[in-house]
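Below is one structure, written out as structure tokens; the observations come after it.
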Amino acid sequence: MDQNWTLEEALAHYRRQGAPGDQGMLVALLREVQGENGGVLPSWAVAEIAAVYGLKDTFLSAVIKRYPGLRTEEAPHRLELCGGPRCAGRDAARLAAFVEERYAVRPGGVSTRGGFTYRVTGCMKNCPNGPSLKWDGTLHSRADEALIRKLVDGG
Ligand code: FES
């Protein structure tokens, strides 16, 4: 995995190559995203590709199904931690370390132990109430380890 790789740059790169109109380039992008995310296409990445390229989710899913090498992960939940500067000053890094160790996951990956896809995002625009996290898209303020355990483990 390339530490400097970002989905945003990949999207811009493949757009210059003709994606999404050129389906070969769209598939090349999907393969790259999959390669950068441990061999599966995370649902957040698929959603972002659809949004940025203005594609229907159903169309993108059909493309993914048509190419046998491509596969999406099916984790039931989604955990996003804010990696913005204000939250970083409020112990977000410690929370990230907790998540990564307890649920055996790296940013951009899937935790089979916790049943969620995991990513560290930019500022969630909730700085005064950080550290911020989103669980299945719902924003939570003043996140701590107890909140994460409650969300993920249910107690
Ligand atoms: S830096 Fe985390 S919400 Fe702004």
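We label chains A, B, ... in the order they appear in the structure tokens, count residues from 1 in each chain, and number ligands from 1 in the order shown.
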Quick one: residues within 9 Å of range 88-90 of chain A, only C-alpha atoms, excluding same-chain residues fewer than 3 positions away - as a PDB file with N, CA and C atoms, in the first residue's frame?
```pdb
ATOM      1  N   CYS A  82     -12.410  11.306  12.704  1.00  0.00           N
ATOM      2  CA  CYS A  82     -11.918  12.573  12.175  1.00  0.00           C
ATOM      3  C   CYS A  82     -10.402  12.638  12.357  1.00  0.00           C
ATOM      4  N   GLY A  83      -9.719  12.927  11.256  1.00  0.00           N
ATOM      5  CA  GLY A  83      -8.270  13.081  11.321  1.00  0.00           C
ATOM      6  C   GLY A  83      -7.869  14.537  11.146  1.00  0.00           C
ATOM      7  N   GLY A  84      -8.826  15.431  11.341  1.00  0.00           N
ATOM      8  CA  GLY A  84      -8.549  16.865  11.181  1.00  0.00           C
ATOM      9  C   GLY A  84      -7.693  17.402  12.308  1.00  0.00           C
ATOM     10  N   PRO A  85      -7.129  18.589  12.112  1.00  0.00           N
ATOM     11  CA  PRO A  85      -6.156  19.124  13.071  1.00  0.00           C
ATOM     12  C   PRO A  85      -6.728  19.414  14.457  1.00  0.00           C
ATOM     13  N   ALA A  93      -5.615  10.732  17.837  1.00  0.00           N
ATOM     14  CA  ALA A  93      -4.608   9.735  17.467  1.00  0.00           C
ATOM     15  C   ALA A  93      -4.650   8.547  18.424  1.00  0.00           C
ATOM     16  N   ARG A  94      -4.901   8.832  19.701  1.00  0.00           N
ATOM     17  CA  ARG A  94      -4.990   7.747  20.681  1.00  0.00           C
ATOM     18  C   ARG A  94      -6.218   6.881  20.381  1.00  0.00           C
ATOM     19  N   GLY A 130     -15.070  18.006  19.299  1.00  0.00           N
ATOM     20  CA  GLY A 130     -14.260  16.835  19.007  1.00  0.00           C
ATOM     21  C   GLY A 130     -13.776  16.136  20.248  1.00  0.00           C
ATOM     22  N   PRO A 131     -13.138  14.979  20.131  1.00  0.00           N
ATOM     23  CA  PRO A 131     -12.926  14.280  18.862  1.00  0.00           C
ATOM     24  C   PRO A 131     -14.248  13.800  18.240  1.00  0.00           C
ATOM     25  N   ARG A 142     -17.343  14.324  21.013  1.00  0.00           N
ATOM     26  CA  ARG A 142     -16.566  13.953  22.211  1.00  0.00           C
ATOM     27  C   ARG A 142     -16.378  12.439  22.309  1.00  0.00           C
TER      28      ARG A 142
END
```
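Omitting range 136-141 of chain A and its sequence neighbours fewer than 6 positions away, and counting only C-alpha atoms, the residues within 6 Å are A:His77, A:Arg78, A:Asn129, A:Gly130.
Proximity to ligand 1 was assessed for A:Val52, A:Leu81, A:Val27, A:Ala45 counting only C-alpha atoms and all ligand atoms; the smallest distance is recorded for A:Leu81.
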Do a neighbour search on Arg71 in chain A at 8 Å with only C-alpha atoms, toss out local chain neighbours closer than 6 positions, and write the hits as an NGL selection string.
:A and (34 or 39-41 or 64-65)
Store the residues picked out above, limited to C-alpha atoms, as a PDB file, in the first residue's frame.
```
ATOM      1  CA  GLN A  34      -8.953  -2.269  -4.710  1.00  0.00           C
ATOM      2  CA  GLY A  39      -7.789  -6.377  -2.174  1.00  0.00           C
ATOM      3  CA  VAL A  40     -11.378  -5.235  -1.704  1.00  0.00           C
ATOM      4  CA  LEU A  41     -13.304  -2.176  -2.839  1.00  0.00           C
ATOM      5  CA  ILE A  64     -17.979  -4.158 -10.606  1.00  0.00           C
ATOM      6  CA  LYS A  65     -20.014  -7.360 -11.018  1.00  0.00           C
TER       7      LYS A  65
END
```
Shortest interatomic distance to ligand 1 - which of A:Thr72, A:Ser43, A:Ser61, A:Thr121, counting only C-alpha atoms and all ligand atoms:
A:Thr121
Compare A:Arg86, A:Lys56, A:Lys134, A:His13 by their minimum atom-to-atom distance to ligand 1, counting only C-alpha atoms and all ligand atoms, and give me the closest one.
A:Arg86
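With only C-alpha atoms as the basis for measurement, A:Ala92 is the residue among A:Leu30, A:Ala62, A:Ala146, A:Ala92 that approaches Gly122 in chain A most closely.
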Counting only C-alpha atoms, which residue out of A:Leu70, A:Arg15, A:Asp153, A:Gly54 sits closest to Arg113 in chain A?
A:Asp153
Atom 3 (S, counted along the ligand's line) of ligand 1 sits from CA of Pro128 in chain A at a separation of 7.3 Å
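The strand (DSSP E or B) portion of range 9-139 of chain A consists of Leu41, Thr72, His77, Arg78, Leu79, Glu80, Leu81, Cys82, Val110, Ser111, Phe116, Thr117, Tyr118, Arg119, Val120, Thr121, Leu133, Lys134, Trp135, Thr138 and Leu139 of chain A, with states taken from DSSP on the backbone.
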Give me the residues near Ala12 in chain A as an mmCIF file with N, CA and C atoms, in the first residue's frame, where near means some atom within 12 Å (using only C-alpha atoms) and where sequence neighbours in that chain fewer than 2 positions away do not count.
```cif
data_model
loop_
_atom_site.group_PDB
_atom_site.id
_atom_site.type_symbol
_atom_site.label_atom_id
_atom_site.label_comp_id
_atom_site.auth_asym_id
_atom_site.auth_seq_id
_atom_site.Cartn_x
_atom_site.Cartn_y
_atom_site.Cartn_z
ATOM 1 N N THR A 6 -4.006 8.668 -2.528
ATOM 2 C CA THR A 6 -5.320 9.137 -2.071
ATOM 3 C C THR A 6 -6.324 8.879 -3.174
ATOM 4 N N LEU A 7 -7.548 8.609 -2.763
ATOM 5 C CA LEU A 7 -8.622 8.362 -3.726
ATOM 6 C C LEU A 7 -8.857 9.607 -4.585
ATOM 7 N N GLU A 8 -8.768 10.757 -3.933
ATOM 8 C CA GLU A 8 -8.993 12.018 -4.639
ATOM 9 C C GLU A 8 -8.039 12.178 -5.833
ATOM 10 N N GLU A 9 -6.765 11.887 -5.583
ATOM 11 C CA GLU A 9 -5.782 12.018 -6.672
ATOM 12 C C GLU A 9 -5.991 10.958 -7.740
ATOM 13 N N ALA A 10 -6.363 9.758 -7.311
ATOM 14 C CA ALA A 10 -6.624 8.690 -8.285
ATOM 15 C C ALA A 10 -7.810 9.074 -9.176
ATOM 16 N N TYR A 14 -7.426 9.427 -13.224
ATOM 17 C CA TYR A 14 -8.166 8.624 -14.216
ATOM 18 C C TYR A 14 -9.168 9.464 -14.995
ATOM 19 N N ARG A 15 -9.595 10.568 -14.423
ATOM 20 C CA ARG A 15 -10.464 11.466 -15.196
ATOM 21 C C ARG A 15 -9.668 12.038 -16.378
ATOM 22 N N ARG A 16 -8.398 12.374 -16.111
ATOM 23 C CA ARG A 16 -7.555 12.886 -17.196
ATOM 24 C C ARG A 16 -7.332 11.817 -18.261
ATOM 25 N N GLN A 17 -7.392 10.544 -17.872
ATOM 26 C CA GLN A 17 -7.202 9.441 -18.822
ATOM 27 C C GLN A 17 -8.500 9.075 -19.546
ATOM 28 N N GLY A 18 -9.603 9.752 -19.198
ATOM 29 C CA GLY A 18 -10.845 9.490 -19.925
ATOM 30 C C GLY A 18 -11.959 8.863 -19.117
ATOM 31 N N ALA A 19 -11.695 8.520 -17.845
ATOM 32 C CA ALA A 19 -12.767 7.975 -16.996
ATOM 33 C C ALA A 19 -13.723 9.113 -16.623
ATOM 34 N N PRO A 20 -14.997 8.846 -16.405
ATOM 35 C CA PRO A 20 -15.600 7.517 -16.452
ATOM 36 C C PRO A 20 -16.159 7.143 -17.833
ATOM 37 N N MET A 25 -10.821 2.787 -18.459
ATOM 38 C CA MET A 25 -10.139 3.618 -17.455
ATOM 39 C C MET A 25 -10.875 3.569 -16.118
ATOM 40 N N LEU A 26 -12.188 3.488 -16.176
ATOM 41 C CA LEU A 26 -12.974 3.367 -14.950
ATOM 42 C C LEU A 26 -12.597 2.064 -14.232
ATOM 43 N N LEU A 29 -9.224 2.329 -12.649
ATOM 44 C CA LEU A 29 -9.334 3.044 -11.371
ATOM 45 C C LEU A 29 -9.822 2.086 -10.278
ATOM 46 N N ILE A 49 -16.587 7.337 -5.576
ATOM 47 C CA ILE A 49 -16.346 7.303 -7.023
ATOM 48 C C ILE A 49 -17.638 7.659 -7.752
ATOM 49 N N VAL A 52 -18.323 11.518 -7.206
ATOM 50 C CA VAL A 52 -17.403 12.441 -7.890
ATOM 51 C C VAL A 52 -17.547 12.344 -9.406
ATOM 52 N N TYR A 53 -17.757 11.146 -9.909
ATOM 53 C CA TYR A 53 -17.887 10.966 -11.363
ATOM 54 C C TYR A 53 -19.330 11.135 -11.855
#
```
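Using only C-alpha atoms, the smallest distance between any of A:Val110, A:Ala50, A:Cys87, A:Leu133 and Val63 in chain A comes from A:Ala50.
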In Å, with one decimal, what is the gap from CA of Asn126 in chain A to atom 4 (Fe, counted along the ligand's line) of ligand 1?
5.0 Å
With only C-alpha atoms as the counted atoms, please give the residues lying no more than 9 Å from Val152 in chain A, apart from itself and same-chain residues fewer than 4 positions off, as a count of residues only.
8
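Taking CA of Lys150 in chain A and CA of Glu48 in chain A as endpoints, the distance between them is 27.5 Å.
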